[in-house]
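Heads up, the thing below is written out as structure tokens.
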Amino acid sequence: LMFGKVKTLNLAAAPERCASECNLVLLGATGSGKSALIVKFLTKRFISEYDPRLEDIYSSEEMVDQQPVVVRVMDTYDQDGPVNTERYLSWAGAFIVVYSIDNQESFKVCHKYLETVSAHNKAFKSPTPIVLLGNKLDMDRYRQVSKSDGEELASRFSCLFFEISACMDFQGVQQVFHEAVRRSRRG
Ligand code: GDP
Ligand code: MG
């Protein structure tokens with residue numbers, strides 16, 4: 001499977017010349033597009049179907065602002081919202097909380113993740129940055145979550161906010177992941 005190959009290749013090619021590393025964790029309702037976003041980021045391709053229960057860490061050597069960084073990305077699967085959160089809360093250098101703009105329920109689930117992460121953040125001096133990400137922008141005509149609702153939720157939890165499409169926009173997806181790395185560097 002291509003996804004698996006990429007993981008192995010990049011792990012093998014993450015040697016000493018990389019000055020820094022950054023751990024990103026994707027959270028959100030099943031079906032919001034977390035795995036699709038990760039595959040897009042790693043391979044520039046869109047793969048429409050995979051096992052939603054897949055939970056793994058992928059690694060990629062990236063250049064962010066002319067600086068090399070090993071970006072590790074954790075793809076998560078929670079059956080019922082935030083459970084067993086300790087597996088990613090302290091590991092994360094930044095969170096990307098994903099919903100689908102054509103699914104109101106996934107937006108509600110995001111809210112739960114933001115509550116969980118911000119409760120975790122309150123215990124620390126430098127909070128872990130959070131990106132709120134509205135995915136499936138190509139489904140605009142079936143939109144159930146307005147852009148301003150997204151912006152409002154993001155500002156309530158001091159998140160960055162973007163809307164994006166995993167199936168169309170490699171540049172945009174890469175920008176989101178790189179911005180998460182930048183924020184995490186500042187922290
Ligand atoms: P996950 O459960 O959050 O990992 O979601 P997946 O990545 O498995 O995606 C769930 C479904 O949404 C799959 O059928 C994907 O093909 C589809 N999907 C993911 N991203 C997009 C997108 O940006 N646009 C559209 N139209 N479909 C998407
Ligand atoms: Mg998935």
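By order of appearance in the structure tokens: chains A, B, ..., then residues from 1 within every chain, and ligands from 1 in the order shown.
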Item to complete: Would you kindly return, as a list in words, each protein, DNA or RNA residue with an atom no farther than 6 Å from any atom of segment 61-71 of chain A, considering only C-alpha atoms and excluding same-chain residues fewer than 6 positions away?
Response: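 These residues fall inside the cut-off: Cys18, Ser20, Glu21, Cys22 and Asn23 of chain A.
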Discussion item. Counting only C-alpha atoms and all ligand atoms, what are the residues, protein, DNA or RNA alike, that approach ligand 2 to within 7 Å? I want them as a VMD selection string.
Written reply: chain A and resid 30 to 31 33 to 35 51 to 54 75 to 77
Mind dumping the selected residues with N, CA and C atoms as an mmCIF file, in the first residue's frame?
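result.cif, freshly written:
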data_model
loop_
_atom_site.group_PDB
_atom_site.id
_atom_site.type_symbol
_atom_site.label_atom_id
_atom_site.label_comp_id
_atom_site.auth_asym_id
_atom_site.auth_seq_id
_atom_site.Cartn_x
_atom_site.Cartn_y
_atom_site.Cartn_z
ATOM 1 N N THR A 30 -15.006 10.740 12.938
ATOM 2 C CA THR A 30 -14.778 9.787 11.852
ATOM 3 C C THR A 30 -15.503 10.282 10.607
ATOM 4 N N GLY A 31 -14.805 10.295 9.494
ATOM 5 C CA GLY A 31 -15.404 10.733 8.250
ATOM 6 C C GLY A 31 -15.140 12.189 7.913
ATOM 7 N N GLY A 33 -12.253 13.490 7.369
ATOM 8 C CA GLY A 33 -11.204 13.555 6.352
ATOM 9 C C GLY A 33 -9.785 13.634 6.900
ATOM 10 N N LYS A 34 -9.583 13.208 8.137
ATOM 11 C CA LYS A 34 -8.242 13.274 8.735
ATOM 12 C C LYS A 34 -7.232 12.460 7.921
ATOM 13 N N SER A 35 -7.592 11.210 7.632
ATOM 14 C CA SER A 35 -6.652 10.342 6.901
ATOM 15 C C SER A 35 -6.415 10.878 5.494
ATOM 16 N N ASP A 51 -9.364 2.238 5.757
ATOM 17 C CA ASP A 51 -9.929 1.778 7.008
ATOM 18 C C ASP A 51 -10.016 2.943 7.989
ATOM 19 N N PRO A 52 -11.217 3.316 8.400
ATOM 20 C CA PRO A 52 -11.352 4.459 9.310
ATOM 21 C C PRO A 52 -10.750 4.206 10.689
ATOM 22 N N ARG A 53 -10.501 2.920 11.012
ATOM 23 C CA ARG A 53 -9.954 2.619 12.348
ATOM 24 C C ARG A 53 -8.439 2.707 12.386
ATOM 25 N N LEU A 54 -7.869 3.014 11.216
ATOM 26 C CA LEU A 54 -6.428 3.153 11.107
ATOM 27 C C LEU A 54 -5.913 4.211 12.083
ATOM 28 N N ASP A 75 -2.334 10.003 13.003
ATOM 29 C CA ASP A 75 -3.717 9.850 12.544
ATOM 30 C C ASP A 75 -4.472 9.114 13.646
ATOM 31 N N THR A 76 -5.590 9.655 14.059
ATOM 32 C CA THR A 76 -6.316 9.057 15.183
ATOM 33 C C THR A 76 -7.686 8.547 14.765
ATOM 34 N N TYR A 77 -8.176 7.626 15.559
ATOM 35 C CA TYR A 77 -9.540 7.146 15.390
ATOM 36 C C TYR A 77 -10.161 7.018 16.771
#
Sorted by chain and rising residue number, which residues of segment 82-124 of chain A lie within 10 Å of segment 145-158 of chain A, and what are their closest atom pairs and distances in Å to one decimal, counting only C-alpha atoms, as JSON lines?
{"residue": "A:Tyr99", "atom": "CA", "partner": "A:Val145", "partner_atom": "CA", "distance": 9.4}
{"residue": "A:Ser100", "atom": "CA", "partner": "A:Val145", "partner_atom": "CA", "distance": 8.2}
{"residue": "A:Ile101", "atom": "CA", "partner": "A:Val145", "partner_atom": "CA", "distance": 5.1}
{"residue": "A:Asp102", "atom": "CA", "partner": "A:Val145", "partner_atom": "CA", "distance": 6.5}
{"residue": "A:Asn103", "atom": "CA", "partner": "A:Val145", "partner_atom": "CA", "distance": 7.0}
{"residue": "A:Gln104", "atom": "CA", "partner": "A:Val145", "partner_atom": "CA", "distance": 5.9}
{"residue": "A:Glu105", "atom": "CA", "partner": "A:Val145", "partner_atom": "CA", "distance": 9.5}
{"residue": "A:Ser106", "atom": "CA", "partner": "A:Val145", "partner_atom": "CA", "distance": 9.5}
{"residue": "A:Phe107", "atom": "CA", "partner": "A:Val145", "partner_atom": "CA", "distance": 7.4}
{"residue": "A:Cys110", "atom": "CA", "partner": "A:Leu153", "partner_atom": "CA", "distance": 9.3}
{"residue": "A:His111", "atom": "CA", "partner": "A:Leu153", "partner_atom": "CA", "distance": 7.8}
{"residue": "A:Leu114", "atom": "CA", "partner": "A:Phe157", "partner_atom": "CA", "distance": 6.9}
{"residue": "A:Glu115", "atom": "CA", "partner": "A:Phe157", "partner_atom": "CA", "distance": 8.2}
{"residue": "A:Val117", "atom": "CA", "partner": "A:Phe157", "partner_atom": "CA", "distance": 9.5}
{"residue": "A:Ser118", "atom": "CA", "partner": "A:Phe157", "partner_atom": "CA", "distance": 7.3}
Next, dump the selected residues to file, keeping only N, CA, C and O atoms, as a PDB file, in the first residue's frame.
ATOM      1  N   TYR A  99     -13.146  19.149  11.046  1.00  0.00           N
ATOM      2  CA  TYR A  99     -14.543  18.805  10.817  1.00  0.00           C
ATOM      3  C   TYR A  99     -14.798  18.913   9.325  1.00  0.00           C
ATOM      4  O   TYR A  99     -13.948  19.367   8.557  1.00  0.00           O
ATOM      5  N   SER A 100     -15.993  18.463   8.935  1.00  0.00           N
ATOM      6  CA  SER A 100     -16.370  18.528   7.537  1.00  0.00           C
ATOM      7  C   SER A 100     -17.446  19.616   7.392  1.00  0.00           C
ATOM      8  O   SER A 100     -18.444  19.576   8.109  1.00  0.00           O
ATOM      9  N   ILE A 101     -17.227  20.560   6.500  1.00  0.00           N
ATOM     10  CA  ILE A 101     -18.162  21.702   6.418  1.00  0.00           C
ATOM     11  C   ILE A 101     -19.572  21.262   5.995  1.00  0.00           C
ATOM     12  O   ILE A 101     -20.534  21.997   6.178  1.00  0.00           O
ATOM     13  N   ASP A 102     -19.687  20.052   5.443  1.00  0.00           N
ATOM     14  CA  ASP A 102     -21.009  19.567   5.035  1.00  0.00           C
ATOM     15  C   ASP A 102     -21.635  18.662   6.102  1.00  0.00           C
ATOM     16  O   ASP A 102     -22.578  17.921   5.815  1.00  0.00           O
ATOM     17  N   ASN A 103     -21.114  18.739   7.325  1.00  0.00           N
ATOM     18  CA  ASN A 103     -21.632  17.851   8.372  1.00  0.00           C
ATOM     19  C   ASN A 103     -21.628  18.559   9.733  1.00  0.00           C
ATOM     20  O   ASN A 103     -20.593  18.686  10.380  1.00  0.00           O
ATOM     21  N   GLN A 104     -22.785  18.985  10.136  1.00  0.00           N
ATOM     22  CA  GLN A 104     -22.951  19.728  11.382  1.00  0.00           C
ATOM     23  C   GLN A 104     -22.499  18.899  12.595  1.00  0.00           C
ATOM     24  O   GLN A 104     -21.911  19.422  13.539  1.00  0.00           O
ATOM     25  N   GLU A 105     -22.789  17.598  12.532  1.00  0.00           N
ATOM     26  CA  GLU A 105     -22.429  16.715  13.636  1.00  0.00           C
ATOM     27  C   GLU A 105     -20.909  16.716  13.859  1.00  0.00           C
ATOM     28  O   GLU A 105     -20.436  16.740  15.003  1.00  0.00           O
ATOM     29  N   SER A 106     -20.158  16.703  12.770  1.00  0.00           N
ATOM     30  CA  SER A 106     -18.691  16.690  12.899  1.00  0.00           C
ATOM     31  C   SER A 106     -18.190  17.991  13.531  1.00  0.00           C
ATOM     32  O   SER A 106     -17.159  18.002  14.210  1.00  0.00           O
ATOM     33  N   PHE A 107     -18.924  19.060  13.321  1.00  0.00           N
ATOM     34  CA  PHE A 107     -18.574  20.345  13.938  1.00  0.00           C
ATOM     35  C   PHE A 107     -18.792  20.282  15.451  1.00  0.00           C
ATOM     36  O   PHE A 107     -17.997  20.791  16.236  1.00  0.00           O
ATOM     37  N   CYS A 110     -15.974  18.438  17.004  1.00  0.00           N
ATOM     38  CA  CYS A 110     -14.822  19.342  17.120  1.00  0.00           C
ATOM     39  C   CYS A 110     -14.827  20.107  18.425  1.00  0.00           C
ATOM     40  O   CYS A 110     -13.805  20.288  19.074  1.00  0.00           O
ATOM     41  N   HIS A 111     -15.995  20.578  18.753  1.00  0.00           N
ATOM     42  CA  HIS A 111     -16.173  21.337  19.986  1.00  0.00           C
ATOM     43  C   HIS A 111     -15.678  20.528  21.189  1.00  0.00           C
ATOM     44  O   HIS A 111     -14.944  21.026  22.043  1.00  0.00           O
ATOM     45  N   LEU A 114     -11.948  20.424  21.211  1.00  0.00           N
ATOM     46  CA  LEU A 114     -11.375  21.712  21.632  1.00  0.00           C
ATOM     47  C   LEU A 114     -11.465  21.869  23.145  1.00  0.00           C
ATOM     48  O   LEU A 114     -10.527  22.354  23.783  1.00  0.00           O
ATOM     49  N   GLU A 115     -12.580  21.424  23.723  1.00  0.00           N
ATOM     50  CA  GLU A 115     -12.724  21.455  25.187  1.00  0.00           C
ATOM     51  C   GLU A 115     -11.628  20.610  25.839  1.00  0.00           C
ATOM     52  O   GLU A 115     -10.986  21.029  26.801  1.00  0.00           O
ATOM     53  N   VAL A 117      -8.696  19.540  24.596  1.00  0.00           N
ATOM     54  CA  VAL A 117      -7.341  20.050  24.399  1.00  0.00           C
ATOM     55  C   VAL A 117      -7.115  21.311  25.232  1.00  0.00           C
ATOM     56  O   VAL A 117      -6.055  21.474  25.849  1.00  0.00           O
ATOM     57  N   SER A 118      -8.099  22.180  25.297  1.00  0.00           N
ATOM     58  CA  SER A 118      -7.858  23.411  26.048  1.00  0.00           C
ATOM     59  C   SER A 118      -7.817  23.143  27.555  1.00  0.00           C
ATOM     60  O   SER A 118      -7.086  23.810  28.280  1.00  0.00           O
TER      61      SER A 118
END
Worksheet item: Once you count only C-alpha atoms and all ligand atoms, which residues end up within 7 Å of ligand 1, and could you hand them over as an NGL selection string?
Response: :A and (28-37 or 47-52 or 77 or 135-139 or 164-168)
Worksheet item: Quick one: residues within 10 Å of Ile38 of chain A, only C-alpha atoms counted, chain neighbours fewer than 2 positions away excluded, as an NGL selection string?
Response: :A and (3 or 26 or 33-36 or 40-46 or 58 or 73-75 or 166 or 173-174 or 177)
Worksheet item: Counting only C-alpha atoms, which of A:Ala119, A:Cys159, A:Ile57, A:Val98 gets nearest to Leu24 of chain A?
Response: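 Checking each candidate against Leu24 of chain A, we get A:Ile57 as the closest.
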